[in-house]
$ cat entry.json   # JSON, C-alpha atoms (C1' of nucleotides)
[["chain", "number", "residue", "atom", "x", "y", "z"],
["A", 1, "MET", "CA", 96.41, 131.83, 108.56],
["A", 2, "ARG", "CA", 99.59, 129.85, 108.01],
["A", 3, "PHE", "CA", 100.22, 126.79, 110.10],
["A", 4, "ASP", "CA", 103.00, 126.87, 112.73],
["A", 5, "PHE", "CA", 105.16, 123.74, 112.95],
["A", 6, "SER", "CA", 107.50, 124.99, 115.71],
["A", 7, "ALA", "CA", 106.21, 122.51, 118.31],
["A", 8, "THR", "CA", 106.59, 118.86, 119.24],
["A", 9, "ALA", "CA", 104.80, 116.13, 117.29],
["A", 10, "PRO", "CA", 101.97, 115.49, 119.78],
["A", 11, "GLU", "CA", 101.24, 119.24, 119.99],
["A", 12, "VAL", "CA", 101.26, 119.66, 116.22],
["A", 13, "ALA", "CA", 99.16, 116.51, 115.77],
["A", 14, "GLN", "CA", 96.49, 118.00, 118.01],
["A", 15, "ARG", "CA", 96.56, 121.42, 116.35],
["A", 16, "LEU", "CA", 96.36, 119.95, 112.85],
["A", 17, "ILE", "CA", 92.85, 118.66, 113.61],
["A", 18, "GLY", "CA", 90.49, 121.10, 111.92],
["A", 19, "ALA", "CA", 93.16, 122.58, 109.63],
["A", 20, "THR", "CA", 92.50, 122.54, 105.89],
["A", 21, "LEU", "CA", 95.00, 120.71, 103.66],
["A", 22, "THR", "CA", 94.90, 120.76, 99.87],
["A", 23, "VAL", "CA", 97.27, 119.57, 97.14],
["A", 24, "ASP", "CA", 96.78, 121.44, 93.85],
["A", 25, "GLY", "CA", 93.43, 122.61, 95.16],
["A", 26, "VAL", "CA", 92.16, 119.15, 96.10],
["A", 27, "GLY", "CA", 91.61, 118.14, 99.73],
["A", 28, "GLY", "CA", 89.68, 119.03, 102.86],
["A", 29, "VAL", "CA", 89.67, 119.35, 106.65],
["A", 30, "ILE", "CA", 92.08, 117.17, 108.66],
["A", 31, "VAL", "CA", 90.10, 114.99, 111.08],
["A", 32, "GLU", "CA", 92.69, 112.38, 112.17],
["A", 33, "THR", "CA", 96.45, 112.43, 112.91],
["A", 34, "GLU", "CA", 99.10, 110.46, 114.79],
["A", 35, "ALA", "CA", 102.34, 111.70, 116.39],
["A", 36, "TYR", "CA", 105.71, 109.93, 116.20],
["A", 37, "ASP", "CA", 109.17, 110.82, 117.47],
["A", 38, "GLN", "CA", 112.63, 109.37, 117.74],
["A", 39, "SER", "CA", 112.21, 108.08, 121.31],
["A", 40, "ASP", "CA", 109.26, 105.99, 120.14],
["A", 41, "PRO", "CA", 109.91, 102.36, 119.01],
["A", 42, "ALA", "CA", 106.88, 102.58, 116.71],
["A", 43, "SER", "CA", 108.43, 105.46, 114.76],
["A", 44, "HIS", "CA", 110.31, 105.12, 111.48],
["A", 45, "SER", "CA", 112.91, 107.47, 112.95],
["A", 46, "TYR", "CA", 113.57, 105.32, 116.04],
["A", 47, "ALA", "CA", 116.52, 103.46, 114.53],
["A", 48, "GLY", "CA", 118.07, 106.66, 113.18],
["A", 49, "LYS", "CA", 118.35, 108.31, 109.79],
["A", 50, "THR", "CA", 118.14, 106.17, 106.64],
["A", 51, "ALA", "CA", 117.62, 106.93, 102.95],
["A", 52, "ARG", "CA", 113.86, 106.41, 103.33],
["A", 53, "ASN", "CA", 113.24, 108.59, 106.39],
["A", 54, "ALA", "CA", 115.85, 111.30, 105.67],
["A", 55, "SER", "CA", 113.26, 114.07, 105.37],
["A", 56, "MET", "CA", 112.03, 113.32, 108.92],
["A", 57, "PHE", "CA", 115.42, 114.59, 110.08],
["A", 58, "GLY", "CA", 115.20, 117.77, 107.98],
["A", 59, "PRO", "CA", 113.50, 121.12, 108.73],
["A", 60, "PRO", "CA", 110.01, 121.18, 110.33],
["A", 61, "GLY", "CA", 107.06, 122.04, 108.12],
["A", 62, "ARG", "CA", 108.07, 119.71, 105.31],
["A", 63, "ALA", "CA", 106.53, 116.50, 104.02],
["A", 64, "TYR", "CA", 107.82, 113.01, 104.75],
["A", 65, "VAL", "CA", 106.23, 110.60, 102.26],
["A", 66, "TYR", "CA", 106.93, 106.88, 102.49],
["A", 67, "ARG", "CA", 105.60, 103.71, 100.92],
["A", 68, "SER", "CA", 103.58, 101.49, 103.23],
["A", 69, "TYR", "CA", 103.23, 97.73, 102.81],
["A", 70, "GLY", "CA", 104.77, 97.98, 99.37],
["A", 71, "LEU", "CA", 101.83, 99.74, 97.71],
["A", 72, "HIS", "CA", 100.37, 102.71, 99.55],
["A", 73, "TRP", "CA", 101.83, 106.17, 100.13],
["A", 74, "CYS", "CA", 101.58, 107.89, 103.54],
["A", 75, "LEU", "CA", 102.00, 111.62, 104.24],
["A", 76, "ASN", "CA", 103.65, 113.04, 107.37],
["A", 77, "ALA", "CA", 104.43, 116.59, 108.52],
["A", 78, "VAL", "CA", 107.91, 117.04, 110.03],
["A", 79, "CYS", "CA", 107.92, 118.70, 113.49],
["A", 80, "MET", "CA", 110.28, 120.05, 116.17],
["A", 81, "PRO", "CA", 112.84, 119.49, 117.41],
["A", 82, "ALA", "CA", 114.49, 119.77, 113.99],
["A", 83, "GLY", "CA", 116.87, 116.96, 113.13],
["A", 84, "HIS", "CA", 115.34, 114.59, 115.68],
["A", 85, "GLY", "CA", 112.95, 112.62, 113.49],
["A", 86, "ALA", "CA", 109.65, 113.92, 114.88],
["A", 87, "GLY", "CA", 106.56, 113.94, 112.70],
["A", 88, "VAL", "CA", 102.80, 113.68, 112.38],
["A", 89, "LEU", "CA", 101.06, 111.13, 110.16],
["A", 90, "ILE", "CA", 98.02, 112.62, 108.43],
["A", 91, "ARG", "CA", 95.49, 109.78, 108.60],
["A", 92, "ALA", "CA", 92.15, 111.18, 107.42],
["A", 93, "LEU", "CA", 90.45, 114.21, 105.86],
["A", 94, "GLU", "CA", 86.88, 115.34, 105.49],
["A", 95, "PRO", "CA", 86.77, 115.98, 101.72],
["A", 96, "THR", "CA", 85.62, 119.51, 100.89],
["A", 97, "VAL", "CA", 87.19, 120.64, 97.60],
["A", 98, "GLY", "CA", 87.91, 118.72, 94.40],
["A", 99, "ILE", "CA", 85.63, 115.84, 95.38],
["A", 100, "GLU", "CA", 85.10, 114.81, 91.74],
["A", 101, "THR", "CA", 88.86, 114.63, 91.20],
["A", 102, "MET", "CA", 89.23, 112.46, 94.31],
["A", 103, "GLN", "CA", 86.40, 110.17, 93.21],
["A", 104, "HIS", "CA", 88.13, 109.73, 89.88],
["A", 105, "ARG", "CA", 91.54, 108.98, 91.40],
["A", 106, "ARG", "CA", 90.09, 106.58, 93.98],
["A", 107, "ARG", "CA", 87.64, 104.99, 91.55],
["A", 108, "ILE", "CA", 84.88, 105.10, 94.15],
["A", 109, "GLN", "CA", 81.93, 107.43, 94.74],
["A", 110, "GLU", "CA", 81.50, 107.16, 98.52],
["A", 111, "VAL", "CA", 82.76, 110.50, 99.89],
["A", 112, "ARG", "CA", 83.17, 109.11, 103.41],
["A", 113, "LEU", "CA", 85.84, 106.67, 102.15],
["A", 114, "LEU", "CA", 87.76, 109.01, 99.84],
["A", 115, "CYS", "CA", 90.34, 110.06, 102.49],
["A", 116, "ALA", "CA", 89.55, 107.74, 105.44],
["A", 117, "GLY", "CA", 93.05, 106.33, 105.97],
["A", 118, "PRO", "CA", 96.62, 107.42, 105.19],
["A", 119, "GLY", "CA", 96.92, 105.38, 101.98],
["A", 120, "ARG", "CA", 93.50, 106.44, 100.70],
["A", 121, "LEU", "CA", 94.22, 110.08, 101.50],
["A", 122, "CYS", "CA", 97.43, 110.07, 99.45],
["A", 123, "GLN", "CA", 95.72, 108.41, 96.52],
["A", 124, "ALA", "CA", 92.86, 110.94, 96.62],
["A", 125, "LEU", "CA", 95.23, 113.94, 96.84],
["A", 126, "GLY", "CA", 97.75, 112.58, 94.34],
["A", 127, "VAL", "CA", 100.59, 112.48, 96.88],
["A", 128, "ASP", "CA", 103.58, 110.22, 96.17],
["A", 129, "ARG", "CA", 107.35, 110.05, 96.63],
["A", 130, "SER", "CA", 107.83, 113.10, 94.42],
["A", 131, "HIS", "CA", 106.40, 115.19, 97.30],
["A", 132, "ASP", "CA", 108.87, 113.83, 99.88],
["A", 133, "GLY", "CA", 110.82, 116.72, 101.43],
["A", 134, "SER", "CA", 108.56, 119.42, 99.97],
["A", 135, "ARG", "CA", 107.49, 122.42, 102.04],
["A", 136, "LEU", "CA", 103.89, 122.23, 103.21],
["A", 137, "ASP", "CA", 103.43, 126.00, 102.97],
["A", 138, "ARG", "CA", 104.22, 126.16, 99.23],
["A", 139, "LYS", "CA", 102.61, 124.87, 96.08],
["A", 140, "PRO", "CA", 101.28, 122.35, 95.41],
["A", 141, "PHE", "CA", 100.49, 122.17, 99.14],
["A", 142, "ARG", "CA", 98.26, 124.59, 101.00],
["A", 143, "LEU", "CA", 97.70, 124.29, 104.73],
["A", 144, "VAL", "CA", 95.42, 126.68, 106.63],
["A", 145, "ALA", "CA", 95.04, 126.53, 110.41],
["A", 146, "SER", "CA", 91.57, 126.12, 111.82],
["A", 147, "SER", "CA", 89.63, 129.35, 112.18],
["A", 148, "THR", "CA", 87.39, 127.78, 114.81],
["A", 149, "ARG", "CA", 88.65, 128.47, 118.31],
["A", 150, "GLU", "CA", 87.29, 125.52, 120.22],
["A", 151, "LEU", "CA", 87.30, 122.15, 118.48],
["A", 152, "LEU", "CA", 86.51, 118.99, 120.38],
["A", 153, "VAL", "CA", 89.57, 116.80, 119.86],
["A", 154, "THR", "CA", 89.78, 113.27, 121.26],
["A", 155, "ASN", "CA", 92.91, 111.14, 121.58],
["A", 156, "GLY", "CA", 93.65, 107.45, 121.93],
["A", 157, "VAL", "CA", 95.75, 104.48, 120.81],
["A", 158, "ARG", "CA", 97.52, 104.66, 117.45],
["A", 159, "ILE", "CA", 96.52, 102.26, 114.68],
["A", 160, "GLY", "CA", 98.48, 99.41, 113.15],
["A", 161, "ILE", "CA", 101.42, 99.46, 115.58],
["A", 162, "SER", "CA", 102.59, 96.93, 118.16],
["A", 163, "HIS", "CA", 105.09, 99.07, 120.11],
["A", 164, "SER", "CA", 104.36, 101.95, 122.48],
["A", 165, "ARG", "CA", 100.67, 101.19, 122.80],
["A", 166, "GLU", "CA", 100.70, 103.16, 126.04],
["A", 167, "LEU", "CA", 101.11, 106.45, 124.16],
["A", 168, "SER", "CA", 97.76, 108.01, 123.29],
["A", 169, "TRP", "CA", 99.21, 109.82, 120.30],
["A", 170, "ARG", "CA", 96.31, 109.39, 117.90],
["A", 171, "PHE", "CA", 94.15, 112.54, 117.61],
["A", 172, "ALA", "CA", 90.76, 113.00, 115.94],
["A", 173, "LEU", "CA", 87.90, 115.43, 115.56],
["A", 174, "ALA", "CA", 85.28, 114.18, 117.99],
["A", 175, "GLY", "CA", 82.28, 112.64, 116.31],
["A", 176, "SER", "CA", 83.63, 112.89, 112.75],
["A", 177, "ARG", "CA", 82.25, 110.33, 110.33],
["A", 178, "PHE", "CA", 85.34, 110.60, 108.12],
["A", 179, "LEU", "CA", 87.80, 108.75, 110.41],
["A", 180, "SER", "CA", 89.72, 105.69, 109.21],
["A", 181, "ARG", "CA", 88.48, 103.79, 112.27],
["A", 182, "PRO", "CA", 86.61, 104.60, 115.49],
["A", 183, "MET", "CA", 88.76, 106.00, 118.29],
["A", 184, "THR", "CA", 89.78, 103.60, 121.06],
["A", 185, "ALA", "CA", 90.74, 105.12, 124.38],
["A", 186, "GLY", "CA", 94.22, 104.56, 125.80],
["A", 187, "ALA", "CA", 94.98, 103.04, 129.20],
["A", 188, "SER", "CA", 94.08, 105.40, 132.02],
["B", 1, "DT", "C1'", 79.53, 93.05, 109.59],
["B", 2, "DC", "C1'", 83.78, 90.38, 110.46],
["B", 3, "DG", "C1'", 88.04, 88.38, 109.53],
["B", 4, "DC", "C1'", 91.42, 86.42, 106.52],
["B", 5, "DC", "C1'", 94.52, 87.15, 102.73],
["B", 6, "DG", "C1'", 97.41, 88.89, 98.95],
["B", 7, "DA", "C1'", 100.29, 92.61, 97.08],
["B", 8, "DT", "C1'", 105.23, 93.97, 98.02],
["B", 9, "DG", "C1'", 109.11, 98.51, 99.40],
["B", 10, "DT", "C1'", 112.19, 99.26, 103.16],
["B", 11, "DT", "C1'", 114.41, 97.91, 107.13],
["B", 12, "DC", "C1'", 116.13, 94.76, 110.42],
["B", 13, "DT", "C1'", 117.62, 90.04, 112.14],
["C", 1, "DG", "C1'", 113.47, 85.61, 106.03],
["C", 2, "DA", "C1'", 110.20, 88.47, 108.64],
["C", 3, "DA", "C1'", 107.92, 92.62, 110.25],
["C", 4, "DC", "C1'", 105.47, 96.64, 109.04],
["C", 5, "DA", "C1'", 102.33, 103.69, 110.64],
["C", 6, "DT", "C1'", 97.58, 99.56, 104.64],
["C", 7, "DC", "C1'", 93.82, 98.55, 101.65],
["C", 8, "DG", "C1'", 90.33, 96.07, 99.01],
["C", 9, "DG", "C1'", 88.21, 91.74, 97.84],
["C", 10, "DC", "C1'", 86.49, 87.60, 99.23],
["C", 11, "DG", "C1'", 83.87, 84.11, 101.87],
["C", 12, "DA", "C1'", 81.93, 83.08, 106.28],
["C", 13, "DT", "C1'", 78.71, 84.64, 109.93]]
$ encode --input "entry.json" --output "structure tokens"
Amino acid sequence: MRFDFSATAPEVAQRLIGATLTVDGVGGVIVETEAYDQSDPASHSYAGKTARNASMFGPPGRAYVYRSYGLHWCLNAVCMPAGHGAGVLIRALEPTVGIETMQHRRRIQEVRLLCAGPGRLCQALGVDRSHDGSRLDRKPFRLVASSTRELLVTNGVRIGISHSRELSWRFALAGSRFLSRPMTAGAS
DNA sequence: TCGCCGATGTTCT
DNA sequence: GAACATCGGCGAT
């Protein structure tokens, strides 16, 4: 079934766990996400709309692709409320289809590390700036909601940020061996 | 297995 | 000029 983006970033981030994402038929099952929104100092949208983050302020269900640390690409899904800079960073996939293509693009064999991290995931799926602003329900993207009813999803502190550590807006499939890093629990 | 470091686009001070 | 939603390679443990 098609994925519904008419919800806030934390809700969408949780529901994306277990969904299947492919780009031109290459990808797998989402096992790790993080939510961001405009009220959050750790978010790219916090300081308002700029040329880089413009697609975060566009319609939900589209891609926001940005360059990280000068070299890597990172893929986000834009969420509700529309025009408010809310989004979900896709951090890791369990590779299921097109594994040979991903191994070739990443120049490694180890399947566990093909998509274990936002930069690695974009390299494996061939995502770059040309996908920024594209709809996630149209080619080359394909996003299918999880068919499993009950998935064990854990949440905790987001990775690589210094602001808003109190928000447990990182979500992951419990026990997955395809995460970018082990989950660390937030403050209780 | 851990931690430091370099590469370097975009934004902010 | 510095920070940053990162990664891979290197040398030290």
$ closest_residue --input "entry.json" --among "A:Thr8, A:Asn53, A:Ser43, A:Ser180" --to "chain C" --atoms "all atoms listed in the file"
A:Ser43
$ atom_distance --input "entry.json" --atom1 "atom CA of A:Gln103" --atom2 "atom CA of A:Gly126"
11.7 Å
$ closest_atom_pairs --input "entry.json" --of "chain A" --to "chain B" --cutoff "9 Å" --atoms "all atoms listed in the file" --output "CSV"
residue,atom,partner,partner_atom,distance
A:Arg52,CA,B:DT10,C1',7.3
A:Arg67,CA,B:DG9,C1',6.5
A:Ser68,CA,B:DG9,C1',7.4
A:Tyr69,CA,B:DT8,C1',6.4
A:Gly70,CA,B:DT8,C1',4.3
A:Leu71,CA,B:DT8,C1',6.7
$ interface_residues --input "entry.json" --of "chain A" --to "chain C" --cutoff "8 Å" --atoms "all atoms listed in the file" --output "PyMOL selection string"
chain A and resi 42-43+68-69+72+89+118-120+159-161
$ atom_distance --input "entry.json" --atom1 "atom CA of A:Gln38" --atom2 "atom CA of A:Arg2"
26.2 Å
$ atom_distance --input "entry.json" --atom1 "atom CA of A:Pro60" --atom2 "atom CA of A:Val26"
22.9 Å
$ residues_around --input "entry.json" --residues "A:Leu167" --least-positions-apart "2" --cutoff "12 Å" --atoms "all atoms listed in the file" --output "list in words"
Pro10, Glu34, Ala35, Tyr36, Asp37, Ser39, Asp40, Pro41, Ala42, Ser43, Asn155, Gly156, Val157, Arg158, Ile159, Ile161, Ser162, His163, Ser164, Arg165, Trp169, Arg170, Phe171, Ala185, Gly186, Ala187 and Ser188 of chain A
$ decode --input "entry.json" --residues "chain C" --atoms "N, CA and C atoms (P, O5', C5', C4', C3', O3' and C1' of nucleotides)" --output "PDB file, in the first residue's frame"
ATOM      1  P    DG C   1      40.713  33.208   8.441  1.00  0.00           P
ATOM      2  O5'  DG C   1      39.302  33.062   9.230  1.00  0.00           O
ATOM      3  C5'  DG C   1      39.251  33.552  10.558  1.00  0.00           C
ATOM      4  C4'  DG C   1      38.208  32.795  11.332  1.00  0.00           C
ATOM      5  C3'  DG C   1      38.441  31.282  11.408  1.00  0.00           C
ATOM      6  O3'  DG C   1      38.112  30.859  12.738  1.00  0.00           O
ATOM      7  C1'  DG C   1      36.302  31.699  10.525  1.00  0.00           C
ATOM      8  P    DA C   2      38.518  29.396  13.259  1.00  0.00           P
ATOM      9  O5'  DA C   2      37.060  28.824  13.600  1.00  0.00           O
ATOM     10  C5'  DA C   2      36.137  29.645  14.322  1.00  0.00           C
ATOM     11  C4'  DA C   2      34.798  28.951  14.356  1.00  0.00           C
ATOM     12  C3'  DA C   2      34.902  27.441  14.540  1.00  0.00           C
ATOM     13  O3'  DA C   2      33.917  27.023  15.465  1.00  0.00           O
ATOM     14  C1'  DA C   2      33.648  27.917  12.604  1.00  0.00           C
ATOM     15  P    DA C   3      33.938  25.555  16.083  1.00  0.00           P
ATOM     16  O5'  DA C   3      32.477  25.100  15.638  1.00  0.00           O
ATOM     17  C5'  DA C   3      31.368  25.925  15.956  1.00  0.00           C
ATOM     18  C4'  DA C   3      30.146  25.411  15.232  1.00  0.00           C
ATOM     19  C3'  DA C   3      29.965  23.891  15.360  1.00  0.00           C
ATOM     20  O3'  DA C   3      28.597  23.621  15.624  1.00  0.00           O
ATOM     21  C1'  DA C   3      30.007  24.508  13.080  1.00  0.00           C
ATOM     22  P    DC C   4      28.211  22.184  16.249  1.00  0.00           P
ATOM     23  O5'  DC C   4      27.694  21.401  14.946  1.00  0.00           O
ATOM     24  C5'  DC C   4      26.523  21.857  14.273  1.00  0.00           C
ATOM     25  C4'  DC C   4      26.441  21.165  12.940  1.00  0.00           C
ATOM     26  C3'  DC C   4      26.713  19.657  13.007  1.00  0.00           C
ATOM     27  O3'  DC C   4      25.525  18.862  12.899  1.00  0.00           O
ATOM     28  C1'  DC C   4      27.718  20.709  11.102  1.00  0.00           C
ATOM     29  P    DA C   5      24.058  19.183  12.893  1.00  0.00           P
ATOM     30  O5'  DA C   5      23.454  17.771  12.506  1.00  0.00           O
ATOM     31  C5'  DA C   5      23.902  16.617  13.161  1.00  0.00           C
ATOM     32  C4'  DA C   5      23.426  15.390  12.414  1.00  0.00           C
ATOM     33  C3'  DA C   5      24.109  15.187  11.065  1.00  0.00           C
ATOM     34  O3'  DA C   5      24.187  13.789  10.786  1.00  0.00           O
ATOM     35  C1'  DA C   5      21.819  15.497  10.707  1.00  0.00           C
ATOM     36  P    DT C   6      25.614  13.079  11.078  1.00  0.00           P
ATOM     37  O5'  DT C   6      26.317  13.263   9.647  1.00  0.00           O
ATOM     38  C5'  DT C   6      25.791  12.628   8.471  1.00  0.00           C
ATOM     39  C4'  DT C   6      26.918  11.948   7.726  1.00  0.00           C
ATOM     40  C3'  DT C   6      27.276  10.570   8.286  1.00  0.00           C
ATOM     41  O3'  DT C   6      27.011   9.615   7.272  1.00  0.00           O
ATOM     42  C1'  DT C   6      29.220  11.893   7.897  1.00  0.00           C
ATOM     43  P    DC C   7      27.258   8.045   7.545  1.00  0.00           P
ATOM     44  O5'  DC C   7      28.708   7.761   6.964  1.00  0.00           O
ATOM     45  C5'  DC C   7      28.965   8.118   5.614  1.00  0.00           C
ATOM     46  C4'  DC C   7      30.436   7.999   5.329  1.00  0.00           C
ATOM     47  C3'  DC C   7      31.022   6.640   5.708  1.00  0.00           C
ATOM     48  O3'  DC C   7      31.508   6.041   4.526  1.00  0.00           O
ATOM     49  C1'  DC C   7      32.392   8.444   6.445  1.00  0.00           C
ATOM     50  P    DG C   8      31.925   4.497   4.471  1.00  0.00           P
ATOM     51  O5'  DG C   8      33.513   4.596   4.410  1.00  0.00           O
ATOM     52  C5'  DG C   8      34.112   5.357   3.381  1.00  0.00           C
ATOM     53  C4'  DG C   8      35.574   5.535   3.673  1.00  0.00           C
ATOM     54  C3'  DG C   8      36.306   4.236   3.995  1.00  0.00           C
ATOM     55  O3'  DG C   8      37.548   4.264   3.326  1.00  0.00           O
ATOM     56  C1'  DG C   8      36.604   5.784   5.766  1.00  0.00           C
ATOM     57  P    DG C   9      38.500   2.997   3.278  1.00  0.00           P
ATOM     58  O5'  DG C   9      39.811   3.580   3.989  1.00  0.00           O
ATOM     59  C5'  DG C   9      40.386   4.782   3.490  1.00  0.00           C
ATOM     60  C4'  DG C   9      41.440   5.274   4.450  1.00  0.00           C
ATOM     61  C3'  DG C   9      42.418   4.178   4.896  1.00  0.00           C
ATOM     62  O3'  DG C   9      43.735   4.709   4.874  1.00  0.00           O
ATOM     63  C1'  DG C   9      41.429   5.192   6.786  1.00  0.00           C
ATOM     64  P    DC C  10      44.993   3.703   4.850  1.00  0.00           P
ATOM     65  O5'  DC C  10      45.696   4.030   6.241  1.00  0.00           O
ATOM     66  C5'  DC C  10      46.060   5.369   6.535  1.00  0.00           C
ATOM     67  C4'  DC C  10      46.093   5.578   8.020  1.00  0.00           C
ATOM     68  C3'  DC C  10      46.911   4.532   8.777  1.00  0.00           C
ATOM     69  O3'  DC C  10      48.234   5.025   8.976  1.00  0.00           O
ATOM     70  C1'  DC C  10      44.894   5.167   9.937  1.00  0.00           C
ATOM     71  P    DG C  11      49.355   4.017   9.561  1.00  0.00           P
ATOM     72  O5'  DG C  11      49.283   4.298  11.121  1.00  0.00           O
ATOM     73  C5'  DG C  11      49.362   5.632  11.610  1.00  0.00           C
ATOM     74  C4'  DG C  11      49.006   5.644  13.083  1.00  0.00           C
ATOM     75  C3'  DG C  11      49.828   4.671  13.927  1.00  0.00           C
ATOM     76  O3'  DG C  11      50.202   5.302  15.143  1.00  0.00           O
ATOM     77  C1'  DG C  11      47.536   4.200  14.197  1.00  0.00           C
ATOM     78  P    DA C  12      51.059   4.533  16.206  1.00  0.00           P
ATOM     79  O5'  DA C  12      50.012   4.382  17.391  1.00  0.00           O
ATOM     80  C5'  DA C  12      49.398   5.557  17.928  1.00  0.00           C
ATOM     81  C4'  DA C  12      48.364   5.154  18.946  1.00  0.00           C
ATOM     82  C3'  DA C  12      48.899   4.295  20.079  1.00  0.00           C
ATOM     83  O3'  DA C  12      48.364   4.743  21.299  1.00  0.00           O
ATOM     84  C1'  DA C  12      47.121   3.189  19.002  1.00  0.00           C
ATOM     85  P    DT C  13      48.631   4.046  22.679  1.00  0.00           P
ATOM     86  O5'  DT C  13      47.193   3.371  22.815  1.00  0.00           O
ATOM     87  C5'  DT C  13      46.855   2.698  23.998  1.00  0.00           C
ATOM     88  C4'  DT C  13      45.634   1.858  23.740  1.00  0.00           C
ATOM     89  C3'  DT C  13      45.601   0.641  24.676  1.00  0.00           C
ATOM     90  O3'  DT C  13      44.372   0.655  25.388  1.00  0.00           O
ATOM     91  C1'  DT C  13      45.130   0.008  22.471  1.00  0.00           C
TER      92       DT C  13
END
